[in-house]
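**Student:** Next up, protein-v9.pdb (PDB, C-alpha atoms).
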```pdb
MODEL        1
ATOM      1  CA  MET A  10      17.125  15.878   6.870  1.00  0.00           C
ATOM      2  CA  THR A  11      13.351  15.901   7.227  1.00  0.00           C
ATOM      3  CA  ILE A  12      10.953  14.787   4.502  1.00  0.00           C
ATOM      4  CA  SER A  13       7.307  13.703   4.349  1.00  0.00           C
ATOM      5  CA  LEU A  14       5.979  10.759   2.353  1.00  0.00           C
ATOM      6  CA  TYR A  15       2.284  10.423   1.535  1.00  0.00           C
ATOM      7  CA  PHE A  16       1.454   6.774   0.834  1.00  0.00           C
ATOM      8  CA  VAL A  17      -1.896   6.468  -0.959  1.00  0.00           C
ATOM      9  CA  ARG A  18      -3.698   3.218  -1.651  1.00  0.00           C
ATOM     10  CA  HIS A  19      -4.799   2.939  -5.278  1.00  0.00           C
ATOM     11  CA  GLY A  20      -8.446   3.364  -6.232  1.00  0.00           C
ATOM     12  CA  GLN A  21     -10.866   0.452  -6.324  1.00  0.00           C
ATOM     13  CA  THR A  22     -10.105  -2.123  -9.037  1.00  0.00           C
ATOM     14  CA  PHE A  23     -12.291  -4.775 -10.617  1.00  0.00           C
ATOM     15  CA  LEU A  24     -10.615  -7.479  -8.506  1.00  0.00           C
ATOM     16  CA  ASN A  25     -11.322  -5.386  -5.392  1.00  0.00           C
ATOM     17  CA  LYS A  26     -14.951  -5.072  -6.486  1.00  0.00           C
ATOM     18  CA  TYR A  27     -15.274  -8.842  -6.878  1.00  0.00           C
ATOM     19  CA  HIS A  28     -13.478  -9.548  -3.563  1.00  0.00           C
ATOM     20  CA  ARG A  29     -10.570 -11.305  -5.256  1.00  0.00           C
ATOM     21  CA  ILE A  30      -7.081 -11.419  -3.757  1.00  0.00           C
ATOM     22  CA  GLN A  31      -4.859  -8.958  -5.586  1.00  0.00           C
ATOM     23  CA  GLY A  32      -1.157  -8.706  -4.898  1.00  0.00           C
ATOM     24  CA  TYR A  33       1.146  -9.152  -7.886  1.00  0.00           C
ATOM     25  CA  ALA A  34      -2.015  -9.750  -9.943  1.00  0.00           C
ATOM     26  CA  ASP A  35      -3.399  -6.556 -11.441  1.00  0.00           C
ATOM     27  CA  SER A  36      -6.635  -5.138 -12.803  1.00  0.00           C
ATOM     28  CA  PRO A  37      -7.742  -1.669 -13.936  1.00  0.00           C
ATOM     29  CA  LEU A  38      -9.604   0.851 -11.847  1.00  0.00           C
ATOM     30  CA  THR A  39     -13.389   0.811 -11.796  1.00  0.00           C
ATOM     31  CA  ASP A  40     -15.330   4.062 -12.221  1.00  0.00           C
ATOM     32  CA  LYS A  41     -15.416   4.253  -8.429  1.00  0.00           C
ATOM     33  CA  GLY A  42     -11.658   3.638  -8.385  1.00  0.00           C
ATOM     34  CA  ILE A  43     -11.056   6.532 -10.764  1.00  0.00           C
ATOM     35  CA  ASN A  44     -13.101   8.751  -8.472  1.00  0.00           C
ATOM     36  CA  ASP A  45     -11.175   7.416  -5.440  1.00  0.00           C
ATOM     37  CA  ALA A  46      -7.932   8.589  -7.044  1.00  0.00           C
ATOM     38  CA  ILE A  47      -9.291  11.962  -8.156  1.00  0.00           C
ATOM     39  CA  ASP A  48     -10.719  12.573  -4.696  1.00  0.00           C
ATOM     40  CA  ALA A  49      -7.388  11.705  -3.071  1.00  0.00           C
ATOM     41  CA  GLY A  50      -5.657  14.066  -5.486  1.00  0.00           C
ATOM     42  CA  LYS A  51      -8.028  16.895  -4.586  1.00  0.00           C
ATOM     43  CA  ARG A  52      -7.549  16.294  -0.857  1.00  0.00           C
ATOM     44  CA  LEU A  53      -3.776  16.488  -1.366  1.00  0.00           C
ATOM     45  CA  SER A  54      -3.875  19.416  -3.798  1.00  0.00           C
ATOM     46  CA  LYS A  55      -2.678  21.926  -1.183  1.00  0.00           C
ATOM     47  CA  ILE A  56       0.629  20.037  -1.031  1.00  0.00           C
ATOM     48  CA  LYS A  57       2.935  20.741  -3.983  1.00  0.00           C
ATOM     49  CA  PHE A  58       4.821  17.494  -4.383  1.00  0.00           C
ATOM     50  CA  ASP A  59       8.543  17.543  -5.069  1.00  0.00           C
ATOM     51  CA  ALA A  60       8.562  13.928  -6.313  1.00  0.00           C
ATOM     52  CA  ALA A  61       6.059  11.184  -7.040  1.00  0.00           C
ATOM     53  CA  TYR A  62       6.451   7.407  -7.097  1.00  0.00           C
ATOM     54  CA  SER A  63       4.273   4.354  -7.559  1.00  0.00           C
ATOM     55  CA  SER A  64       4.604   0.618  -7.875  1.00  0.00           C
ATOM     56  CA  ASP A  65       4.783  -0.663 -11.447  1.00  0.00           C
ATOM     57  CA  ALA A  66       1.275  -2.137 -11.225  1.00  0.00           C
ATOM     58  CA  ARG A  67      -1.189  -0.541 -13.637  1.00  0.00           C
ATOM     59  CA  ARG A  68      -3.635   0.288 -10.842  1.00  0.00           C
ATOM     60  CA  ALA A  69      -1.020   2.227  -8.869  1.00  0.00           C
ATOM     61  CA  VAL A  70       0.398   4.062 -11.891  1.00  0.00           C
ATOM     62  CA  GLN A  71      -3.106   5.060 -12.988  1.00  0.00           C
ATOM     63  CA  THR A  72      -3.911   6.274  -9.478  1.00  0.00           C
ATOM     64  CA  GLY A  73      -0.687   8.285  -9.346  1.00  0.00           C
ATOM     65  CA  LYS A  74      -1.391  10.008 -12.665  1.00  0.00           C
ATOM     66  CA  LEU A  75      -4.931  10.914 -11.646  1.00  0.00           C
ATOM     67  CA  MET A  76      -3.717  12.394  -8.352  1.00  0.00           C
ATOM     68  CA  LEU A  77      -0.948  14.373 -10.027  1.00  0.00           C
ATOM     69  CA  ALA A  78      -3.465  15.874 -12.455  1.00  0.00           C
ATOM     70  CA  GLU A  79      -5.040  17.545  -9.398  1.00  0.00           C
ATOM     71  CA  ASN A  80      -1.695  18.783  -8.010  1.00  0.00           C
ATOM     72  CA  PRO A  81       0.173  22.043  -8.684  1.00  0.00           C
ATOM     73  CA  ALA A  82       3.443  20.129  -9.071  1.00  0.00           C
ATOM     74  CA  ASP A  83       4.947  20.001 -12.546  1.00  0.00           C
ATOM     75  CA  ILE A  84       4.919  16.186 -12.568  1.00  0.00           C
ATOM     76  CA  ASP A  85       2.740  14.251 -15.009  1.00  0.00           C
ATOM     77  CA  ALA A  86       3.422  10.674 -13.966  1.00  0.00           C
ATOM     78  CA  PRO A  87       4.972   8.859 -10.992  1.00  0.00           C
ATOM     79  CA  THR A  88       8.344   7.146 -11.174  1.00  0.00           C
ATOM     80  CA  GLU A  89       7.678   3.398 -11.069  1.00  0.00           C
ATOM     81  CA  LEU A  90       9.467   1.260  -8.483  1.00  0.00           C
ATOM     82  CA  GLU A  91       9.156  -2.535  -8.366  1.00  0.00           C
ATOM     83  CA  GLU A  92       9.923  -2.374  -4.652  1.00  0.00           C
ATOM     84  CA  MET A  93       6.581  -0.635  -4.066  1.00  0.00           C
ATOM     85  CA  ARG A  94       4.620  -3.650  -5.380  1.00  0.00           C
ATOM     86  CA  GLU A  95       1.942  -5.233  -3.247  1.00  0.00           C
ATOM     87  CA  LEU A  96       2.654  -8.392  -1.253  1.00  0.00           C
ATOM     88  CA  ASN A  97       2.846 -11.440  -3.515  1.00  0.00           C
ATOM     89  CA  PHE A  98       0.114 -13.873  -2.432  1.00  0.00           C
ATOM     90  CA  GLY A  99       1.459 -16.604  -4.727  1.00  0.00           C
ATOM     91  CA  TYR A 100      -0.973 -19.429  -5.496  1.00  0.00           C
ATOM     92  CA  TYR A 101      -3.821 -17.465  -3.918  1.00  0.00           C
ATOM     93  CA  GLU A 102      -3.666 -14.556  -6.365  1.00  0.00           C
ATOM     94  CA  GLY A 103      -7.101 -13.997  -7.905  1.00  0.00           C
ATOM     95  CA  GLU A 104      -8.890 -16.337  -5.482  1.00  0.00           C
ATOM     96  CA  ASP A 105     -12.051 -15.402  -3.599  1.00  0.00           C
ATOM     97  CA  ASP A 106     -10.818 -13.685  -0.465  1.00  0.00           C
ATOM     98  CA  VAL A 107     -13.480 -14.882   1.984  1.00  0.00           C
ATOM     99  CA  LYS A 108     -13.055 -18.522   0.985  1.00  0.00           C
ATOM    100  CA  THR A 109      -9.245 -18.341   0.943  1.00  0.00           C
ATOM    101  CA  TRP A 110      -8.812 -16.720   4.348  1.00  0.00           C
ATOM    102  CA  HIS A 111     -11.274 -19.209   5.863  1.00  0.00           C
ATOM    103  CA  THR A 112      -9.392 -22.118   4.248  1.00  0.00           C
ATOM    104  CA  ILE A 113      -6.011 -20.921   5.550  1.00  0.00           C
ATOM    105  CA  GLY A 114      -7.062 -19.377   8.843  1.00  0.00           C
ATOM    106  CA  GLY A 115     -10.034 -21.497   9.897  1.00  0.00           C
ATOM    107  CA  PRO A 116      -7.934 -24.305  11.404  1.00  0.00           C
ATOM    108  CA  LEU A 117      -6.125 -21.619  13.428  1.00  0.00           C
ATOM    109  CA  GLY A 118      -9.350 -20.123  14.742  1.00  0.00           C
ATOM    110  CA  VAL A 119      -9.484 -17.092  12.423  1.00  0.00           C
ATOM    111  CA  ASN A 120     -11.579 -16.526   9.315  1.00  0.00           C
ATOM    112  CA  SER A 121     -10.238 -13.387   7.690  1.00  0.00           C
ATOM    113  CA  PHE A 122      -6.953 -11.659   6.920  1.00  0.00           C
ATOM    114  CA  HIS A 123      -7.877  -8.983   9.482  1.00  0.00           C
ATOM    115  CA  GLU A 124      -8.389 -11.622  12.169  1.00  0.00           C
ATOM    116  CA  MET A 125      -5.058 -13.262  11.295  1.00  0.00           C
ATOM    117  CA  ILE A 126      -3.296  -9.917  11.672  1.00  0.00           C
ATOM    118  CA  ALA A 127      -5.042  -9.160  14.974  1.00  0.00           C
ATOM    119  CA  LYS A 128      -4.166 -12.557  16.432  1.00  0.00           C
ATOM    120  CA  PHE A 129      -0.681 -13.154  15.017  1.00  0.00           C
ATOM    121  CA  THR A 130       0.686  -9.749  13.745  1.00  0.00           C
ATOM    122  CA  ILE A 131       0.838  -8.871  10.065  1.00  0.00           C
ATOM    123  CA  GLU A 132       4.279 -10.413   9.529  1.00  0.00           C
ATOM    124  CA  GLU A 133       3.226 -13.728  11.035  1.00  0.00           C
ATOM    125  CA  ALA A 134      -0.035 -13.675   9.022  1.00  0.00           C
ATOM    126  CA  GLU A 135       2.073 -13.347   5.871  1.00  0.00           C
ATOM    127  CA  ASN A 136       4.279 -16.203   7.045  1.00  0.00           C
ATOM    128  CA  ILE A 137       1.178 -18.385   7.510  1.00  0.00           C
ATOM    129  CA  ILE A 138       0.000 -17.618   3.967  1.00  0.00           C
ATOM    130  CA  ALA A 139       3.455 -18.253   2.517  1.00  0.00           C
ATOM    131  CA  LYS A 140       3.703 -21.582   4.337  1.00  0.00           C
ATOM    132  CA  ALA A 141       0.279 -22.633   3.022  1.00  0.00           C
ATOM    133  CA  ASP A 142       1.147 -21.817  -0.614  1.00  0.00           C
ATOM    134  CA  PRO A 143       1.702 -25.201  -2.348  1.00  0.00           C
ATOM    135  CA  TYR A 144       3.979 -23.566  -4.930  1.00  0.00           C
ATOM    136  CA  GLY A 145       6.056 -21.582  -2.465  1.00  0.00           C
ATOM    137  CA  ASP A 146       5.661 -18.326  -4.390  1.00  0.00           C
ATOM    138  CA  ALA A 147       3.892 -16.230  -1.726  1.00  0.00           C
ATOM    139  CA  GLU A 148       6.167 -13.776   0.087  1.00  0.00           C
ATOM    140  CA  SER A 149       6.882 -14.228   3.759  1.00  0.00           C
ATOM    141  CA  GLY A 150       6.842 -11.180   6.000  1.00  0.00           C
ATOM    142  CA  ALA A 151      10.639 -10.946   5.976  1.00  0.00           C
ATOM    143  CA  GLU A 152      10.869 -11.397   2.195  1.00  0.00           C
ATOM    144  CA  PHE A 153       8.385  -8.590   1.662  1.00  0.00           C
ATOM    145  CA  TRP A 154      10.175  -6.226   4.031  1.00  0.00           C
ATOM    146  CA  ASP A 155      13.601  -6.998   2.582  1.00  0.00           C
ATOM    147  CA  ARG A 156      12.529  -5.942  -0.907  1.00  0.00           C
ATOM    148  CA  PHE A 157      10.416  -2.978   0.278  1.00  0.00           C
ATOM    149  CA  VAL A 158      13.127  -1.203   2.299  1.00  0.00           C
ATOM    150  CA  PRO A 159      15.532  -0.624  -0.644  1.00  0.00           C
ATOM    151  CA  GLY A 160      12.693   1.125  -2.485  1.00  0.00           C
ATOM    152  CA  VAL A 161      12.125   3.497   0.419  1.00  0.00           C
ATOM    153  CA  LYS A 162      15.872   4.133   0.524  1.00  0.00           C
ATOM    154  CA  LYS A 163      15.834   5.093  -3.168  1.00  0.00           C
ATOM    155  CA  MET A 164      13.136   7.686  -2.518  1.00  0.00           C
ATOM    156  CA  VAL A 165      14.839   9.092   0.567  1.00  0.00           C
ATOM    157  CA  ASP A 166      18.293   9.211  -1.032  1.00  0.00           C
ATOM    158  CA  ALA A 167      16.918  11.154  -3.998  1.00  0.00           C
ATOM    159  CA  ALA A 168      15.125  13.697  -1.775  1.00  0.00           C
ATOM    160  CA  LYS A 169      16.175  17.070  -0.441  1.00  0.00           C
ATOM    161  CA  ASP A 170      15.503  18.421   3.014  1.00  0.00           C
ATOM    162  CA  GLY A 171      11.874  19.460   3.308  1.00  0.00           C
ATOM    163  CA  ASP A 172      10.645  17.492   0.295  1.00  0.00           C
ATOM    164  CA  GLN A 173       7.048  16.288   0.103  1.00  0.00           C
ATOM    165  CA  ILE A 174       6.757  12.959  -1.727  1.00  0.00           C
ATOM    166  CA  LEU A 175       3.702  11.199  -3.140  1.00  0.00           C
ATOM    167  CA  VAL A 176       3.669   7.380  -3.275  1.00  0.00           C
ATOM    168  CA  ALA A 177       0.774   5.588  -5.028  1.00  0.00           C
ATOM    169  CA  THR A 178       0.866   2.040  -3.785  1.00  0.00           C
ATOM    170  CA  HIS A 179      -1.052  -0.810  -2.102  1.00  0.00           C
ATOM    171  CA  GLY A 180      -3.053  -1.649   0.991  1.00  0.00           C
ATOM    172  CA  THR A 181      -1.056  -4.486   2.534  1.00  0.00           C
ATOM    173  CA  LEU A 182       2.200  -2.665   1.802  1.00  0.00           C
ATOM    174  CA  ILE A 183       0.897   0.338   3.707  1.00  0.00           C
ATOM    175  CA  ARG A 184      -0.238  -1.830   6.627  1.00  0.00           C
ATOM    176  CA  ASN A 185       3.235  -3.363   6.798  1.00  0.00           C
ATOM    177  CA  LEU A 186       5.031  -0.037   7.041  1.00  0.00           C
ATOM    178  CA  VAL A 187       2.570   1.232   9.647  1.00  0.00           C
ATOM    179  CA  ALA A 188       3.098  -1.925  11.723  1.00  0.00           C
ATOM    180  CA  HIS A 189       6.882  -1.560  11.515  1.00  0.00           C
ATOM    181  CA  TRP A 190       7.089   2.170  12.168  1.00  0.00           C
ATOM    182  CA  SER A 191       4.309   2.736  14.715  1.00  0.00           C
ATOM    183  CA  ASP A 192       2.035   1.147  17.290  1.00  0.00           C
ATOM    184  CA  ILE A 193      -1.113   1.912  15.270  1.00  0.00           C
ATOM    185  CA  PRO A 194      -3.294  -1.215  14.837  1.00  0.00           C
ATOM    186  CA  VAL A 195      -3.437  -2.486  11.239  1.00  0.00           C
ATOM    187  CA  ASP A 196      -6.154  -5.130  11.548  1.00  0.00           C
ATOM    188  CA  VAL A 197      -8.464  -3.008   9.369  1.00  0.00           C
ATOM    189  CA  SER A 198      -8.577  -2.625   5.603  1.00  0.00           C
ATOM    190  CA  THR A 199      -6.586   0.196   4.070  1.00  0.00           C
ATOM    191  CA  LYS A 200      -9.295   2.134   2.238  1.00  0.00           C
ATOM    192  CA  ASN A 201      -8.999   2.804  -1.486  1.00  0.00           C
ATOM    193  CA  GLY A 202      -7.741   6.355  -1.917  1.00  0.00           C
ATOM    194  CA  SER A 203      -6.766   6.697   1.748  1.00  0.00           C
ATOM    195  CA  VAL A 204      -3.647   8.627   2.753  1.00  0.00           C
ATOM    196  CA  THR A 205      -1.008   7.468   5.224  1.00  0.00           C
ATOM    197  CA  LYS A 206       1.588  10.087   6.118  1.00  0.00           C
ATOM    198  CA  VAL A 207       5.106   9.044   7.100  1.00  0.00           C
ATOM    199  CA  ASN A 208       7.756  11.484   8.290  1.00  0.00           C
ATOM    200  CA  TYR A 209      11.465  10.773   7.885  1.00  0.00           C
ATOM    201  CA  ASP A 210      13.808  12.647  10.182  1.00  0.00           C
ATOM    202  CA  ASP A 211      17.543  11.904  10.302  1.00  0.00           C
ATOM    203  CA  GLY A 212      17.223   8.176   9.679  1.00  0.00           C
ATOM    204  CA  LYS A 213      13.999   7.545  11.619  1.00  0.00           C
ATOM    205  CA  PHE A 214      10.533   6.910  10.155  1.00  0.00           C
ATOM    206  CA  THR A 215       7.398   7.814  12.092  1.00  0.00           C
ATOM    207  CA  VAL A 216       3.754   7.484  11.053  1.00  0.00           C
ATOM    208  CA  GLU A 217       1.767  10.686  11.521  1.00  0.00           C
ATOM    209  CA  TYR A 218      -1.547   9.116  10.507  1.00  0.00           C
ATOM    210  CA  PHE A 219      -2.928   6.004   8.809  1.00  0.00           C
ATOM    211  CA  ASN A 220      -5.856   5.348   6.469  1.00  0.00           C
ATOM    212  CA  ASN A 221      -7.054   8.955   6.304  1.00  0.00           C
ATOM    213  CA  VAL A 222      -9.957   9.666   3.944  1.00  0.00           C
ATOM    214  CA  SER A 223     -10.899  13.044   5.423  1.00  0.00           C
ATOM    215  CA  ALA A 224     -10.205  16.444   3.928  1.00  0.00           C
ATOM    216  CA  ASP A 225      -7.663  17.133   6.687  1.00  0.00           C
ATOM    217  CA  VAL A 226      -4.421  15.740   5.286  1.00  0.00           C
TER     218      VAL A 226
ENDMDL
END
```
I need this file expressed as structure tokens, please.

**Tutor:**
Amino acid sequence: MTISLYFVRHGQTFLNKYHRIQGYADSPLTDKGINDAIDAGKRLSKIKFDAAYSSDARRAVQTGKLMLAENPADIDAPTELEEMRELNFGYYEGEDDVKTWHTIGGPLGVNSFHEMIAKFTIEEAENIIAKADPYGDAESGAEFWDRFVPGVKKMVDAAKDGDQILVATHGTLIRNLVAHWSDIPVDVSTKNGSVTKVNYDDGKFTVEYFNNVSADV
């Protein structure tokens, strides 16, 4: 069975605009974020989706609805899956991102989440954040992956051969799947409204492209 999954990062939110860490925390889309989602929907409008999913975060659901409004598919809203939630950053949710990454990474010689990923891999960067969380609520790399995979399985198990599936979700989640299923570097931000295409063929996932904001999707 062969299917294609189009993972799209939600549009810009107010916490994104203010450079605040946003994982399980949520905030609505800005005007730019609404346009991010509409633009992504228009770029994907040549693909008639057979199914659509999102995380249960307001920002992802809103993005999914806006994209579907631009699509010929007879789907009004995405099916919400908790497994598609963003990484839980625990105690650091809502904190200033520049200050937080410097506080956690500075003693290790890195000053941003991107630098942590480049130096240690994304999974180890998540482990470092989880270890630093004084409350122990932040997800480790393995904890994130263990709850993400069952969500992907739900989507695949419900699909038919040849299906095209839309998934409105989150930046760090997308970087994780790209790191696991390809050799593409993920030490760059996943752009709001960007598309990452994943192909599933007889039990194997491959990434066709990552972080695409061009008209060629």

**Student:** For a quick check of understanding, using only C-alpha atoms, which of A:Val158, A:Leu182, A:Val176, A:Val216 has the smallest distance to Phe16 in chain A?

**Tutor:**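 Checking each of A:Val158, A:Leu182, A:Val176, A:Val216 against Phe16 in chain A, counting only C-alpha atoms, the winner is A:Val176.
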
**Student:** Name the residues that the PyMOL selection byres ((chain A and resi 75-92) around 7) picks from the file above, as a count of residues only, using the file's chain letters and numbers.

**Tutor:** 24

**Student:** Can you work out the spacing between CA of Ala139 in chain A and CA of Leu186 in chain A in Å, to one decimal?

**Tutor:**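 So the answer is 18.8 Å.
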
**Student:** On this structure, which residues satisfy the PyMOL selection byres ((chain A and resi 148) around 9), written as a PyMOL selection string?

**Tutor:** chain A and resi 96-99+135-136+138-139+145-147+149-153

**Student:** In Å, how far is it from CA of Val197 in chain A to CA of Phe122 in chain A?

**Tutor:** 9.1 Å

**Student:** Show me as an MDAnalysis selection string the residues that reach within 7 Å of (-12.0, -8.2, -13.3), counting only C-alpha atoms and using the file's own coordinates.

**Tutor:** chainID A and resid 23:24 36

**Student:** Export range 26-69 of chain A from the structure block above, keeping C-alpha atoms, as a PDB file, in the first residue's frame.

**Tutor:**
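Contents of the output file decode37.pdb:
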```
ATOM      1  CA  LYS A  26       5.165  36.386  17.191  1.00  0.00           C
ATOM      2  CA  TYR A  27       6.447  37.151  20.689  1.00  0.00           C
ATOM      3  CA  HIS A  28       9.174  34.460  20.500  1.00  0.00           C
ATOM      4  CA  ARG A  29       7.661  32.413  23.317  1.00  0.00           C
ATOM      5  CA  ILE A  30       8.119  28.653  23.604  1.00  0.00           C
ATOM      6  CA  GLN A  31       4.937  26.923  22.496  1.00  0.00           C
ATOM      7  CA  GLY A  32       4.481  23.189  22.790  1.00  0.00           C
ATOM      8  CA  TYR A  33       1.454  22.011  24.759  1.00  0.00           C
ATOM      9  CA  ALA A  34       0.715  25.703  25.391  1.00  0.00           C
ATOM     10  CA  ASP A  35      -1.546  27.204  22.746  1.00  0.00           C
ATOM     11  CA  SER A  36      -2.483  30.567  21.278  1.00  0.00           C
ATOM     12  CA  PRO A  37      -4.609  31.666  18.309  1.00  0.00           C
ATOM     13  CA  LEU A  38      -3.332  32.531  14.874  1.00  0.00           C
ATOM     14  CA  THR A  39      -2.293  36.089  14.103  1.00  0.00           C
ATOM     15  CA  ASP A  40      -3.495  37.768  10.901  1.00  0.00           C
ATOM     16  CA  LYS A  41      -0.233  36.620   9.332  1.00  0.00           C
ATOM     17  CA  GLY A  42      -0.912  33.115  10.658  1.00  0.00           C
ATOM     18  CA  ILE A  43      -4.334  33.051   9.019  1.00  0.00           C
ATOM     19  CA  ASN A  44      -2.709  34.051   5.745  1.00  0.00           C
ATOM     20  CA  ASP A  45      -0.005  31.383   6.258  1.00  0.00           C
ATOM     21  CA  ALA A  46      -2.727  28.733   6.451  1.00  0.00           C
ATOM     22  CA  ILE A  47      -4.729  30.071   3.509  1.00  0.00           C
ATOM     23  CA  ASP A  48      -1.583  30.258   1.399  1.00  0.00           C
ATOM     24  CA  ALA A  49      -0.665  26.673   2.292  1.00  0.00           C
ATOM     25  CA  GLY A  50      -4.192  25.603   1.386  1.00  0.00           C
ATOM     26  CA  LYS A  51      -3.950  27.301  -2.005  1.00  0.00           C
ATOM     27  CA  ARG A  52      -0.564  25.710  -2.713  1.00  0.00           C
ATOM     28  CA  LEU A  53      -2.063  22.297  -1.918  1.00  0.00           C
ATOM     29  CA  SER A  54      -5.365  22.908  -3.714  1.00  0.00           C
ATOM     30  CA  LYS A  55      -4.411  20.720  -6.694  1.00  0.00           C
ATOM     31  CA  ILE A  56      -4.359  17.719  -4.345  1.00  0.00           C
ATOM     32  CA  LYS A  57      -7.826  16.425  -3.431  1.00  0.00           C
ATOM     33  CA  PHE A  58      -7.334  15.061   0.056  1.00  0.00           C
ATOM     34  CA  ASP A  59      -8.915  11.766   1.036  1.00  0.00           C
ATOM     35  CA  ALA A  60      -8.529  12.466   4.775  1.00  0.00           C
ATOM     36  CA  ALA A  61      -7.396  15.303   7.009  1.00  0.00           C
ATOM     37  CA  TYR A  62      -6.001  15.286  10.541  1.00  0.00           C
ATOM     38  CA  SER A  63      -4.594  17.759  13.027  1.00  0.00           C
ATOM     39  CA  SER A  64      -3.428  17.878  16.604  1.00  0.00           C
ATOM     40  CA  ASP A  65      -6.075  18.966  19.102  1.00  0.00           C
ATOM     41  CA  ALA A  66      -4.372  22.334  19.628  1.00  0.00           C
ATOM     42  CA  ARG A  67      -6.500  25.289  18.542  1.00  0.00           C
ATOM     43  CA  ARG A  68      -3.762  26.629  16.265  1.00  0.00           C
ATOM     44  CA  ALA A  69      -3.504  23.359  14.332  1.00  0.00           C
TER      45      ALA A  69
END
```
